[in-house]
$ cat target05.cif   # mmCIF, C-alpha atoms and all ligand atoms
data_run
loop_
_atom_site.group_PDB
_atom_site.id
_atom_site.type_symbol
_atom_site.label_atom_id
_atom_site.label_comp_id
_atom_site.auth_asym_id
_atom_site.auth_seq_id
_atom_site.Cartn_x
_atom_site.Cartn_y
_atom_site.Cartn_z
ATOM 1 C CA MET X 41 76.873 83.925 122.476
ATOM 2 C CA GLU X 42 80.306 84.856 121.272
ATOM 3 C CA ASP X 43 83.102 84.869 123.773
ATOM 4 C CA TRP X 44 85.534 87.749 123.326
ATOM 5 C CA ASN X 45 87.735 86.892 126.267
ATOM 6 C CA MET X 46 90.962 84.964 126.058
ATOM 7 C CA LYS X 47 90.639 81.532 127.571
ATOM 8 C CA ILE X 48 93.281 80.667 130.137
ATOM 9 C CA ILE X 49 94.300 77.083 130.801
ATOM 10 C CA VAL X 50 96.588 76.355 133.741
ATOM 11 C CA THR X 51 98.195 72.918 133.604
ATOM 12 C CA LYS X 52 100.195 71.019 136.208
ATOM 13 C CA ASP X 53 103.482 71.340 134.307
ATOM 14 C CA TYR X 54 105.114 72.118 130.975
ATOM 15 C CA GLU X 55 104.617 68.565 129.658
ATOM 16 C CA GLU X 56 100.915 68.802 130.333
ATOM 17 C CA SER X 57 100.815 72.185 128.559
ATOM 18 C CA CYS X 58 102.420 70.639 125.490
ATOM 19 C CA LYS X 59 99.779 67.884 125.482
ATOM 20 C CA VAL X 60 96.965 70.416 125.746
ATOM 21 C CA VAL X 61 98.380 72.555 122.930
ATOM 22 C CA ALA X 62 99.078 69.530 120.725
ATOM 23 C CA GLY X 63 95.477 68.489 121.382
ATOM 24 C CA PHE X 64 94.191 71.734 119.874
ATOM 25 C CA LEU X 65 96.214 71.179 116.697
ATOM 26 C CA ILE X 66 95.276 67.505 116.447
ATOM 27 C CA GLN X 67 91.579 68.247 116.896
ATOM 28 C CA GLN X 68 91.720 70.910 114.205
ATOM 29 C CA VAL X 69 93.310 68.543 111.680
ATOM 30 C CA GLN X 70 90.998 65.668 112.597
ATOM 31 C CA LYS X 71 88.062 67.955 111.905
ATOM 32 C CA ILE X 72 89.485 69.555 108.752
ATOM 33 C CA PRO X 73 92.358 67.549 107.241
ATOM 34 C CA GLU X 74 93.132 70.387 104.772
ATOM 35 C CA SER X 75 93.677 72.875 107.605
ATOM 36 C CA LYS X 76 96.196 75.674 107.298
ATOM 37 C CA LEU X 77 98.436 75.681 110.360
ATOM 38 C CA GLY X 78 100.431 78.682 111.563
ATOM 39 C CA LEU X 79 103.506 77.347 113.336
ATOM 40 C CA ALA X 80 106.093 78.610 115.790
ATOM 41 C CA THR X 81 109.632 77.631 116.682
ATOM 42 C CA GLY X 82 111.530 78.398 119.896
ATOM 43 C CA GLY X 83 112.255 76.367 123.007
ATOM 44 C CA THR X 84 108.704 76.319 124.364
ATOM 45 C CA ALA X 85 107.091 74.974 121.192
ATOM 46 C CA GLU X 86 109.715 72.232 121.040
ATOM 47 C CA GLY X 87 107.758 69.925 123.343
ATOM 48 C CA VAL X 88 104.601 70.163 121.239
ATOM 49 C CA TYR X 89 105.938 68.682 118.008
ATOM 50 C CA PRO X 90 106.943 65.194 119.258
ATOM 51 C CA ILE X 91 103.362 64.745 120.511
ATOM 52 C CA LEU X 92 102.008 65.623 117.077
ATOM 53 C CA VAL X 93 104.441 63.258 115.401
ATOM 54 C CA GLU X 94 103.549 60.446 117.808
ATOM 55 C CA ALA X 95 99.824 60.984 117.223
ATOM 56 C CA CYS X 96 100.524 60.764 113.512
ATOM 57 C CA ARG X 97 102.507 57.508 113.954
ATOM 58 C CA GLN X 98 99.660 56.064 115.993
ATOM 59 C CA GLY X 99 97.257 56.875 113.155
ATOM 60 C CA GLU X 100 95.239 59.290 115.298
ATOM 61 C CA VAL X 101 95.760 62.156 112.880
ATOM 62 C CA ASP X 102 96.958 62.584 109.318
ATOM 63 C CA PHE X 103 98.929 65.716 108.485
ATOM 64 C CA SER X 104 99.460 64.896 104.818
ATOM 65 C CA LYS X 105 96.777 67.301 103.591
ATOM 66 C CA VAL X 106 97.631 70.344 105.744
ATOM 67 C CA THR X 107 99.495 73.414 104.624
ATOM 68 C CA THR X 108 101.751 75.208 107.088
ATOM 69 C CA VAL X 109 103.167 78.710 107.402
ATOM 70 C CA ASN X 110 105.775 79.597 110.015
ATOM 71 C CA LEU X 111 105.822 82.854 111.917
ATOM 72 C CA ASP X 112 109.343 84.006 111.331
ATOM 73 C CA GLU X 113 113.029 83.500 110.552
ATOM 74 C CA TYR X 114 116.246 85.361 111.344
ATOM 75 C CA GLU X 115 117.537 87.625 108.619
ATOM 76 C CA GLY X 116 120.768 86.350 107.089
ATOM 77 C CA MET X 117 120.212 82.829 108.434
ATOM 78 C CA ASP X 118 121.335 80.085 106.069
ATOM 79 C CA PRO X 119 118.307 77.742 105.721
ATOM 80 C CA ASP X 120 120.679 74.749 105.819
ATOM 81 C CA SER X 121 122.296 75.712 109.106
ATOM 82 C CA GLU X 122 121.521 73.985 112.417
ATOM 83 C CA GLN X 123 119.960 77.155 113.878
ATOM 84 C CA SER X 124 117.628 77.914 111.000
ATOM 85 C CA TYR X 125 113.917 77.649 111.648
ATOM 86 C CA LEU X 126 113.616 75.529 108.506
ATOM 87 C CA THR X 127 116.008 72.957 110.015
ATOM 88 C CA TYR X 128 114.075 73.133 113.311
ATOM 89 C CA MET X 129 110.743 72.536 111.584
ATOM 90 C CA ASN X 130 112.001 69.854 109.201
ATOM 91 C CA LYS X 131 113.612 67.881 111.979
ATOM 92 C CA ARG X 132 110.898 68.164 114.603
ATOM 93 C CA PHE X 133 107.712 68.143 112.590
ATOM 94 C CA LEU X 134 107.513 68.555 108.830
ATOM 95 C CA ILE X 135 109.515 65.483 107.783
ATOM 96 C CA PRO X 136 108.420 63.059 110.542
ATOM 97 C CA ALA X 137 104.779 64.122 110.098
ATOM 98 C CA GLY X 138 104.987 63.458 106.349
ATOM 99 C CA ILE X 139 104.233 67.011 105.215
ATOM 100 C CA ASP X 140 105.355 67.647 101.668
ATOM 101 C CA SER X 141 107.889 70.487 101.473
ATOM 102 C CA THR X 142 105.785 72.194 98.774
ATOM 103 C CA LYS X 143 102.982 72.589 101.326
ATOM 104 C CA ALA X 144 105.111 73.968 104.139
ATOM 105 C CA TYR X 145 106.488 77.491 104.184
ATOM 106 C CA VAL X 146 109.197 78.679 106.522
ATOM 107 C CA PRO X 147 110.345 82.149 105.477
ATOM 108 C CA SER X 148 113.897 82.526 104.234
ATOM 109 C CA GLY X 149 116.233 85.048 105.812
ATOM 110 C CA MET X 150 118.619 84.757 102.878
ATOM 111 C CA ASN X 151 116.362 85.968 100.101
ATOM 112 C CA ASP X 152 116.009 89.605 99.042
ATOM 113 C CA PRO X 153 113.735 90.996 101.815
ATOM 114 C CA GLU X 154 111.226 92.583 99.450
ATOM 115 C CA LYS X 155 110.874 89.377 97.439
ATOM 116 C CA GLU X 156 110.573 87.278 100.601
ATOM 117 C CA ILE X 157 107.890 89.584 102.033
ATOM 118 C CA ALA X 158 105.927 89.187 98.770
ATOM 119 C CA LEU X 159 106.319 85.399 98.903
ATOM 120 C CA PHE X 160 105.307 85.328 102.591
ATOM 121 C CA ASN X 161 102.122 87.274 101.733
ATOM 122 C CA GLU X 162 101.451 84.922 98.859
ATOM 123 C CA LYS X 163 101.673 81.955 101.248
ATOM 124 C CA LEU X 164 99.421 83.675 103.788
ATOM 125 C CA TYR X 165 96.774 85.039 101.451
ATOM 126 C CA GLY X 166 97.328 83.741 97.895
ATOM 127 C CA ASP X 167 95.121 80.672 98.367
ATOM 128 C CA ASP X 168 92.188 82.548 99.982
ATOM 129 C CA HIS X 169 92.518 80.292 102.997
ATOM 130 C CA LEU X 170 93.393 82.113 106.203
ATOM 131 C CA ILE X 171 95.244 80.282 108.960
ATOM 132 C CA ASP X 172 92.854 78.004 110.850
ATOM 133 C CA ILE X 173 94.967 77.713 113.956
ATOM 134 C CA GLN X 174 98.073 79.660 114.941
ATOM 135 C CA LEU X 175 100.541 78.308 117.481
ATOM 136 C CA LEU X 176 102.404 81.016 119.405
ATOM 137 C CA GLY X 177 105.090 81.319 122.038
ATOM 138 C CA ILE X 178 105.820 84.581 123.795
ATOM 139 C CA GLY X 179 109.185 86.283 124.145
ATOM 140 C CA VAL X 180 110.585 87.760 127.361
ATOM 141 C CA SER X 181 110.006 91.111 125.664
ATOM 142 C CA GLY X 182 106.315 90.276 125.209
ATOM 143 C CA HIS X 183 106.754 89.658 121.492
ATOM 144 C CA ILE X 184 104.614 87.288 119.432
ATOM 145 C CA GLY X 185 106.249 86.151 116.233
ATOM 146 C CA PHE X 186 109.109 88.642 116.298
ATOM 147 C CA ASN X 187 106.864 91.677 116.824
ATOM 148 C CA GLU X 188 108.905 93.528 119.404
ATOM 149 C CA PRO X 189 107.724 96.295 121.737
ATOM 150 C CA ALA X 190 107.699 99.650 119.966
ATOM 151 C CA GLU X 191 105.724 102.846 119.838
ATOM 152 C CA GLU X 192 103.815 101.388 116.905
ATOM 153 C CA LEU X 193 103.278 97.802 115.872
ATOM 154 C CA THR X 194 103.290 96.661 112.248
ATOM 155 C CA ALA X 195 100.232 94.855 110.900
ATOM 156 C CA GLY X 196 101.784 93.006 107.976
ATOM 157 C CA VAL X 197 104.862 90.927 107.204
ATOM 158 C CA HIS X 198 108.007 92.967 107.790
ATOM 159 C CA ILE X 199 111.653 92.961 108.734
ATOM 160 C CA GLN X 200 111.950 93.510 112.471
ATOM 161 C CA LYS X 201 114.912 94.693 114.511
ATOM 162 C CA LEU X 202 115.209 92.370 117.507
ATOM 163 C CA ASP X 203 115.014 93.570 121.075
ATOM 164 C CA GLU X 204 118.158 93.324 123.243
ATOM 165 C CA GLY X 205 116.243 91.014 125.620
ATOM 166 C CA THR X 206 115.326 88.717 122.731
ATOM 167 C CA ILE X 207 118.914 88.591 121.481
ATOM 168 C CA GLN X 208 120.090 87.715 124.965
ATOM 169 C CA ALA X 209 117.382 85.079 125.498
ATOM 170 C CA ASN X 210 118.013 83.458 122.118
ATOM 171 C CA SER X 211 121.797 83.429 122.518
ATOM 172 C CA ARG X 212 121.323 80.037 124.242
ATOM 173 C CA PHE X 213 120.802 78.540 120.778
ATOM 174 C CA PHE X 214 124.120 79.920 119.456
ATOM 175 C CA GLU X 215 127.766 79.197 120.314
ATOM 176 C CA ASN X 216 128.585 82.862 120.599
ATOM 177 C CA PRO X 217 126.091 85.584 121.621
ATOM 178 C CA ASP X 218 127.510 87.760 118.825
ATOM 179 C CA ASP X 219 126.238 85.174 116.338
ATOM 180 C CA VAL X 220 122.567 85.888 117.165
ATOM 181 C CA PRO X 221 121.099 87.717 114.167
ATOM 182 C CA ARG X 222 119.885 91.232 114.901
ATOM 183 C CA GLU X 223 116.892 91.193 112.549
ATOM 184 C CA ALA X 224 114.160 88.811 111.531
ATOM 185 C CA ILE X 225 111.393 88.514 108.950
ATOM 186 C CA THR X 226 108.082 88.030 110.738
ATOM 187 C CA MET X 227 104.330 87.953 110.328
ATOM 188 C CA GLY X 228 102.923 91.233 111.626
ATOM 189 C CA VAL X 229 100.408 91.409 114.461
ATOM 190 C CA GLY X 230 97.621 91.892 111.912
ATOM 191 C CA ASP X 231 98.589 88.676 110.144
ATOM 192 C CA ILE X 232 98.576 86.798 113.447
ATOM 193 C CA MET X 233 95.190 88.252 114.423
ATOM 194 C CA LYS X 234 93.637 86.969 111.181
ATOM 195 C CA ALA X 235 94.044 83.360 112.306
ATOM 196 C CA ALA X 236 90.664 81.837 113.175
ATOM 197 C CA LYS X 237 92.049 80.351 116.376
ATOM 198 C CA ILE X 238 95.174 81.135 118.390
ATOM 199 C CA VAL X 239 96.914 78.978 120.994
ATOM 200 C CA LEU X 240 99.789 80.478 122.936
ATOM 201 C CA ILE X 241 102.035 78.357 125.134
ATOM 202 C CA ALA X 242 104.318 79.839 127.771
ATOM 203 C CA THR X 243 106.506 78.457 130.528
ATOM 204 C CA GLY X 244 109.323 79.677 132.754
ATOM 205 C CA GLU X 245 109.713 82.298 135.417
ATOM 206 C CA ASN X 246 111.302 84.726 132.954
ATOM 207 C CA LYS X 247 107.912 85.006 131.221
ATOM 208 C CA ALA X 248 106.083 85.955 134.449
ATOM 209 C CA SER X 249 106.085 89.709 133.918
ATOM 210 C CA VAL X 250 104.752 89.580 130.340
ATOM 211 C CA ILE X 251 102.192 86.922 131.279
ATOM 212 C CA ARG X 252 101.035 89.190 134.096
ATOM 213 C CA LYS X 253 100.504 92.005 131.581
ATOM 214 C CA LEU X 254 98.726 89.659 129.226
ATOM 215 C CA LEU X 255 96.376 88.105 131.766
ATOM 216 C CA MET X 256 95.991 90.393 134.688
ATOM 217 C CA ASP X 257 95.083 93.825 133.440
ATOM 218 C CA ASP X 258 92.837 95.164 130.737
ATOM 219 C CA GLN X 259 95.456 97.148 128.804
ATOM 220 C CA ILE X 260 96.357 96.579 125.195
ATOM 221 C CA THR X 261 99.764 98.112 124.693
ATOM 222 C CA SER X 262 102.424 98.074 122.012
ATOM 223 C CA SER X 263 104.983 97.831 124.829
ATOM 224 C CA VAL X 264 103.768 94.225 125.276
ATOM 225 C CA PRO X 265 102.750 93.184 121.754
ATOM 226 C CA ALA X 266 101.072 89.967 122.933
ATOM 227 C CA THR X 267 98.363 92.089 124.582
ATOM 228 C CA VAL X 268 96.726 92.477 121.133
ATOM 229 C CA LEU X 269 95.475 88.933 121.715
ATOM 230 C CA LYS X 270 92.925 90.431 124.112
ATOM 231 C CA MET X 271 91.108 91.546 120.951
ATOM 232 C CA HIS X 272 91.023 88.104 119.360
ATOM 233 C CA ARG X 273 87.769 86.141 119.312
ATOM 234 C CA ASP X 274 89.308 82.749 119.946
ATOM 235 C CA ALA X 275 92.664 82.916 121.718
ATOM 236 C CA THR X 276 93.712 80.415 124.370
ATOM 237 C CA ILE X 277 96.696 80.927 126.649
ATOM 238 C CA VAL X 278 98.214 77.758 128.084
ATOM 239 C CA ILE X 279 100.537 78.144 131.071
ATOM 240 C CA ASP X 280 101.710 75.780 133.772
ATOM 241 C CA LYS X 281 101.012 76.124 137.462
ATOM 242 C CA SER X 282 104.500 77.310 138.249
ATOM 243 C CA LEU X 283 104.322 80.193 135.712
ATOM 244 C CA ALA X 284 100.795 81.028 136.877
ATOM 245 C CA GLU X 285 102.124 81.312 140.426
ATOM 246 C CA SER X 286 105.116 83.476 139.426
ATOM 247 C CA ALA X 287 102.776 85.751 137.505
ATOM 248 C CA GLY X 288 100.344 85.903 140.408
ATOM 249 C CA TRP X 289 97.502 84.474 138.309
ATOM 250 C CA LYS X 290 94.611 82.829 140.099
ATOM 251 C CA ASP X 291 91.780 81.050 138.282
HETATM 252 C C1 LIG X 301 109.310 81.623 117.252
HETATM 253 C C2 LIG X 301 108.631 82.865 117.650
HETATM 254 C C3 LIG X 301 108.897 83.493 118.967
HETATM 255 C C4 LIG X 301 108.993 82.503 120.138
HETATM 256 C C5 LIG X 301 109.326 83.254 121.410
HETATM 257 C C6 LIG X 301 109.464 82.336 122.595
HETATM 258 O O1 LIG X 301 108.934 81.240 115.959
HETATM 259 O O2 LIG X 301 107.906 83.412 116.884
HETATM 260 O O3 LIG X 301 107.887 84.433 119.243
HETATM 261 O O4 LIG X 301 107.785 81.826 120.266
HETATM 262 O O5 LIG X 301 110.505 83.983 121.248
HETATM 263 O O6 LIG X 301 110.620 81.595 122.456
HETATM 264 P P1 LIG X 301 111.029 80.508 123.549
HETATM 265 O O7 LIG X 301 109.969 79.517 123.556
HETATM 266 O O8 LIG X 301 112.348 79.965 123.038
HETATM 267 O O9 LIG X 301 111.154 81.244 124.836
#
$ encode --input "target05.cif" --output "structure tokens" --more "lines below"
Ligand code: F6R
Amino acid sequence: MEDWNMKIIVTKDYEESCKVVAGFLIQQVQKIPESKLGLATGGTAEGVYPILVEACRQGEVDFSKVTTVNLDEYEGMDPDSEQSYLTYMNKRFLIPAGIDSTKAYVPSGMNDPEKEIALFNEKLYGDDHLIDIQLLGIGVSGHIGFNEPAEELTAGVHIQKLDEGTIQANSRFFENPDDVPREAITMGVGDIMKAAKIVLIATGENKASVIRKLLMDDQITSSVPATVLKMHRDATIVIDKSLAESAGWKD
């Protein structure tokens, strides 16, 4: 029988969550070495990548045949800068895991937006291979990728104006809060939903209210974009005990 409900995993702490999430990705690549991985950046995903790299070093998994597509990038961000998602991915995963740069796509925020959207779509759909597993975080606004709350959500790749809450939350990665870009290029919710499998990792008390809306009622609302995941056939939400408690979630 098919299971249409999100699966919820509550771990003892953030480290354990990272191990669980890394396990999903490792299993996928062990099973299908040519898997297409949808990847995320951000503080929460940061703990997942060293586990993948270590598993690779130990010979448990080989990432050399995968292709990867990242969720998003800030508009106007220089790919060579410290804060770019390309730098983040290269440093934490792509280079240490031995993934050839021609097989990894992190969108550019410097290219002409129309051209970059076309290239993004080419990377998502041009090879007739949909994403096998998509790693997600969740923003304080309830965003996935950079799909912010709005009256309507966008299905496909687009340029997204960032929410004030997102700008504030992400200012921790910049010297000056004014330096946080105001727009991003992102997969749309439709692109994310096409992934065969989705794994979302969340931690921290500031995510409690959106996690509550994701797990504890039956509403799907564009005011919390992550709630679209309730319609996915194979989505797993991994949270630690402390976040589960703040959100009021009980198994
Ligand atoms: C990052 C992304 C975002 C983050 C989210 C959570 O590529 O798409 O949706 O996953 O903003 O970020 P952190 O983990 O920094 O709270």
$ residues_near_ligand --input "target05.cif" --ligand "ligand LIG 301 (chain X)" --cutoff "9 Å" --atoms "all atoms listed in the file" --output "NGL selection string"
:X and (79-86 or 110-113 or 125 or 175-187 or 206 or 209-210 or 213 or 226-227 or 240-244 or 246-247)
$ atom_distance --input "target05.cif" --atom1 "atom CA of X:Asp231" --atom2 "atom CA of X:Ile277"
18.3 Å
$ residues_around --input "target05.cif" --residues "stretch 132-142 of chain X" --least-positions-apart "5" --cutoff "7 Å" --atoms "only C-alpha atoms" --output "MDAnalysis selection string"
chainID X and resid 89:90 93 96 103:104
$ resolve_selection --input "target05.cif" --expression "the PyMOL selection byres (((chain X and resi 172) around 10) and not hetatm)" --output "PyMOL selection string"
chain X and resi 65+68-69+72+74-78+169-171+173-174+234-238
$ closest_residue --input "target05.cif" --among "X:Leu164, X:Ile91, X:Ala287, X:Cys58" --to "X:Thr107" --atoms "all atoms listed in the file"
X:Leu164
$ residues_around --input "target05.cif" --residues "stretch 195-204 of chain X" --least-positions-apart "2" --cutoff "8 Å" --atoms "all atoms listed in the file" --output "list in words"
Glu115, Pro153, Ile157, Phe160, Asn161, Ser181, Phe186, Asn187, Glu188, Pro189, Leu193, Thr206, Ile207, Gln208, Arg222, Glu223, Ala224, Ile225, Thr226, Met227, Gly228, Val229, Gly230 and Asp231 of chain X
$ write_last_selection --input "target05.cif" --atoms "C-alpha atoms" --output "short mmCIF file (atom, residue, chain, number, x, y, z; two decimals), in the frame of the given file"
data_model
loop_
_atom_site.label_atom_id
_atom_site.label_comp_id
_atom_site.auth_asym_id
_atom_site.auth_seq_id
_atom_site.Cartn_x
_atom_site.Cartn_y
_atom_site.Cartn_z
CA GLU X 115 117.54 87.62 108.62
CA PRO X 153 113.74 91.00 101.82
CA ILE X 157 107.89 89.58 102.03
CA PHE X 160 105.31 85.33 102.59
CA ASN X 161 102.12 87.27 101.73
CA SER X 181 110.01 91.11 125.66
CA PHE X 186 109.11 88.64 116.30
CA ASN X 187 106.86 91.68 116.82
CA GLU X 188 108.90 93.53 119.40
CA PRO X 189 107.72 96.30 121.74
CA LEU X 193 103.28 97.80 115.87
CA THR X 206 115.33 88.72 122.73
CA ILE X 207 118.91 88.59 121.48
CA GLN X 208 120.09 87.72 124.96
CA ARG X 222 119.88 91.23 114.90
CA GLU X 223 116.89 91.19 112.55
CA ALA X 224 114.16 88.81 111.53
CA ILE X 225 111.39 88.51 108.95
CA THR X 226 108.08 88.03 110.74
CA MET X 227 104.33 87.95 110.33
CA GLY X 228 102.92 91.23 111.63
CA VAL X 229 100.41 91.41 114.46
CA GLY X 230 97.62 91.89 111.91
CA ASP X 231 98.59 88.68 110.14
#
$ atom_distance --input "target05.cif" --atom1 "atom CA of X:Asp274" --atom2 "atom CA of X:Ile232"
12.0 Å
$ closest_residue --input "target05.cif" --among "X:Gly166, X:Gly87, X:Gly116, X:Pro73" --to "X:Val60" --atoms "all atoms listed in the file"
X:Gly87
$ atom_distance --input "target05.cif" --atom1 "atom CA of X:Ser57" --atom2 "atom CA of X:Val278"
6.2 Å
$ resolve_selection --input "target05.cif" --expression "the PyMOL selection byres (((chain X and resi 50) around 7) and not hetatm)" --output "number ranges by chain"
X: 48-49, 51-52, 278-281
$ closest_residue --input "target05.cif" --among "X:Glu122, X:Met117, X:Met129, X:Ala190" --to "X:Asn151" --atoms "all atoms listed in the file"
X:Met117
$ closest_residue --input "target05.cif" --among "X:Val88, X:Lys131, X:Gly288, X:Met233" --to "X:Asp257" --atoms "all atoms listed in the file"
X:Gly288
$ closest_residue --input "target05.cif" --among "X:Lys143, X:Met46, X:Asp168, X:Gln98" --to "X:Ala266" --atoms "only C-alpha atoms"
X:Met46
$ closest_residue --input "target05.cif" --among "X:His272, X:Thr194, X:Ile251, X:Thr261" --to "X:Ala284" --atoms "all atoms listed in the file"
X:Ile251
$ build_atoms --input "target05.cif" --residues "stretch 61-89 of chain X" --atoms "N, CA and C atoms" --output "PDB file, keeping the file's coordinate frame"
ATOM      1  N   VAL X  61      98.204  71.782 124.162  1.00  0.00           N
ATOM      2  CA  VAL X  61      98.380  72.555 122.930  1.00  0.00           C
ATOM      3  C   VAL X  61      98.374  71.629 121.712  1.00  0.00           C
ATOM      4  N   ALA X  62      99.077  70.503 121.828  1.00  0.00           N
ATOM      5  CA  ALA X  62      99.078  69.530 120.725  1.00  0.00           C
ATOM      6  C   ALA X  62      97.650  69.070 120.454  1.00  0.00           C
ATOM      7  N   GLY X  63      96.873  68.910 121.522  1.00  0.00           N
ATOM      8  CA  GLY X  63      95.477  68.489 121.382  1.00  0.00           C
ATOM      9  C   GLY X  63      94.662  69.448 120.524  1.00  0.00           C
ATOM     10  N   PHE X  64      94.901  70.742 120.703  1.00  0.00           N
ATOM     11  CA  PHE X  64      94.191  71.734 119.874  1.00  0.00           C
ATOM     12  C   PHE X  64      94.512  71.531 118.388  1.00  0.00           C
ATOM     13  N   LEU X  65      95.799  71.326 118.102  1.00  0.00           N
ATOM     14  CA  LEU X  65      96.214  71.179 116.697  1.00  0.00           C
ATOM     15  C   LEU X  65      95.672  69.869 116.118  1.00  0.00           C
ATOM     16  N   ILE X  66      95.748  68.814 116.913  1.00  0.00           N
ATOM     17  CA  ILE X  66      95.276  67.505 116.447  1.00  0.00           C
ATOM     18  C   ILE X  66      93.773  67.554 116.153  1.00  0.00           C
ATOM     19  N   GLN X  67      93.036  68.143 117.075  1.00  0.00           N
ATOM     20  CA  GLN X  67      91.579  68.247 116.896  1.00  0.00           C
ATOM     21  C   GLN X  67      91.227  68.999 115.625  1.00  0.00           C
ATOM     22  N   GLN X  68      91.955  70.097 115.399  1.00  0.00           N
ATOM     23  CA  GLN X  68      91.720  70.910 114.205  1.00  0.00           C
ATOM     24  C   GLN X  68      91.899  70.072 112.931  1.00  0.00           C
ATOM     25  N   VAL X  69      92.994  69.304 112.894  1.00  0.00           N
ATOM     26  CA  VAL X  69      93.310  68.543 111.680  1.00  0.00           C
ATOM     27  C   VAL X  69      92.388  67.317 111.548  1.00  0.00           C
ATOM     28  N   GLN X  70      91.973  66.774 112.676  1.00  0.00           N
ATOM     29  CA  GLN X  70      90.998  65.668 112.597  1.00  0.00           C
ATOM     30  C   GLN X  70      89.694  66.173 111.994  1.00  0.00           C
ATOM     31  N   LYS X  71      89.324  67.384 112.393  1.00  0.00           N
ATOM     32  CA  LYS X  71      88.062  67.955 111.905  1.00  0.00           C
ATOM     33  C   LYS X  71      88.181  68.391 110.441  1.00  0.00           C
ATOM     34  N   ILE X  72      89.273  69.074 110.127  1.00  0.00           N
ATOM     35  CA  ILE X  72      89.485  69.555 108.752  1.00  0.00           C
ATOM     36  C   ILE X  72      90.900  69.163 108.317  1.00  0.00           C
ATOM     37  N   PRO X  73      91.021  68.036 107.612  1.00  0.00           N
ATOM     38  CA  PRO X  73      92.358  67.549 107.241  1.00  0.00           C
ATOM     39  C   PRO X  73      93.143  68.535 106.381  1.00  0.00           C
ATOM     40  N   GLU X  74      92.440  69.420 105.642  1.00  0.00           N
ATOM     41  CA  GLU X  74      93.132  70.387 104.772  1.00  0.00           C
ATOM     42  C   GLU X  74      93.424  71.689 105.517  1.00  0.00           C
ATOM     43  N   SER X  75      93.473  71.652 106.826  1.00  0.00           N
ATOM     44  CA  SER X  75      93.677  72.875 107.605  1.00  0.00           C
ATOM     45  C   SER X  75      94.982  73.570 107.240  1.00  0.00           C
ATOM     46  N   LYS X  76      94.968  74.890 107.452  1.00  0.00           N
ATOM     47  CA  LYS X  76      96.196  75.674 107.298  1.00  0.00           C
ATOM     48  C   LYS X  76      96.692  75.992 108.704  1.00  0.00           C
ATOM     49  N   LEU X  77      97.893  75.528 109.012  1.00  0.00           N
ATOM     50  CA  LEU X  77      98.436  75.681 110.360  1.00  0.00           C
ATOM     51  C   LEU X  77      99.488  76.778 110.385  1.00  0.00           C
ATOM     52  N   GLY X  78      99.390  77.686 111.346  1.00  0.00           N
ATOM     53  CA  GLY X  78     100.431  78.682 111.563  1.00  0.00           C
ATOM     54  C   GLY X  78     101.337  78.153 112.660  1.00  0.00           C
ATOM     55  N   LEU X  79     102.627  78.041 112.387  1.00  0.00           N
ATOM     56  CA  LEU X  79     103.506  77.347 113.336  1.00  0.00           C
ATOM     57  C   LEU X  79     104.595  78.241 113.903  1.00  0.00           C
ATOM     58  N   ALA X  80     105.071  77.849 115.066  1.00  0.00           N
ATOM     59  CA  ALA X  80     106.093  78.610 115.790  1.00  0.00           C
ATOM     60  C   ALA X  80     107.299  77.716 116.060  1.00  0.00           C
ATOM     61  N   THR X  81     108.441  78.355 116.234  1.00  0.00           N
ATOM     62  CA  THR X  81     109.632  77.631 116.682  1.00  0.00           C
ATOM     63  C   THR X  81     109.915  78.069 118.119  1.00  0.00           C
ATOM     64  N   GLY X  82     111.159  77.978 118.539  1.00  0.00           N
ATOM     65  CA  GLY X  82     111.530  78.398 119.896  1.00  0.00           C
ATOM     66  C   GLY X  82     111.520  77.224 120.853  1.00  0.00           C
ATOM     67  N   GLY X  83     112.103  77.429 122.017  1.00  0.00           N
ATOM     68  CA  GLY X  83     112.255  76.367 123.007  1.00  0.00           C
ATOM     69  C   GLY X  83     110.929  75.855 123.537  1.00  0.00           C
ATOM     70  N   THR X  84     109.965  76.740 123.739  1.00  0.00           N
ATOM     71  CA  THR X  84     108.704  76.319 124.364  1.00  0.00           C
ATOM     72  C   THR X  84     107.893  75.427 123.430  1.00  0.00           C
ATOM     73  N   ALA X  85     107.879  75.756 122.155  1.00  0.00           N
ATOM     74  CA  ALA X  85     107.091  74.974 121.192  1.00  0.00           C
ATOM     75  C   ALA X  85     107.712  73.597 120.958  1.00  0.00           C
ATOM     76  N   GLU X  86     108.988  73.472 121.321  1.00  0.00           N
ATOM     77  CA  GLU X  86     109.715  72.232 121.040  1.00  0.00           C
ATOM     78  C   GLU X  86     109.032  70.971 121.576  1.00  0.00           C
ATOM     79  N   GLY X  87     108.397  71.089 122.738  1.00  0.00           N
ATOM     80  CA  GLY X  87     107.758  69.925 123.343  1.00  0.00           C
ATOM     81  C   GLY X  87     106.432  69.544 122.697  1.00  0.00           C
ATOM     82  N   VAL X  88     105.912  70.422 121.861  1.00  0.00           N
ATOM     83  CA  VAL X  88     104.601  70.163 121.239  1.00  0.00           C
ATOM     84  C   VAL X  88     104.761  69.206 120.045  1.00  0.00           C
ATOM     85  N   TYR X  89     105.827  69.421 119.272  1.00  0.00           N
ATOM     86  CA  TYR X  89     105.938  68.682 118.008  1.00  0.00           C
ATOM     87  C   TYR X  89     106.071  67.156 118.162  1.00  0.00           C
TER      88      TYR X  89
END
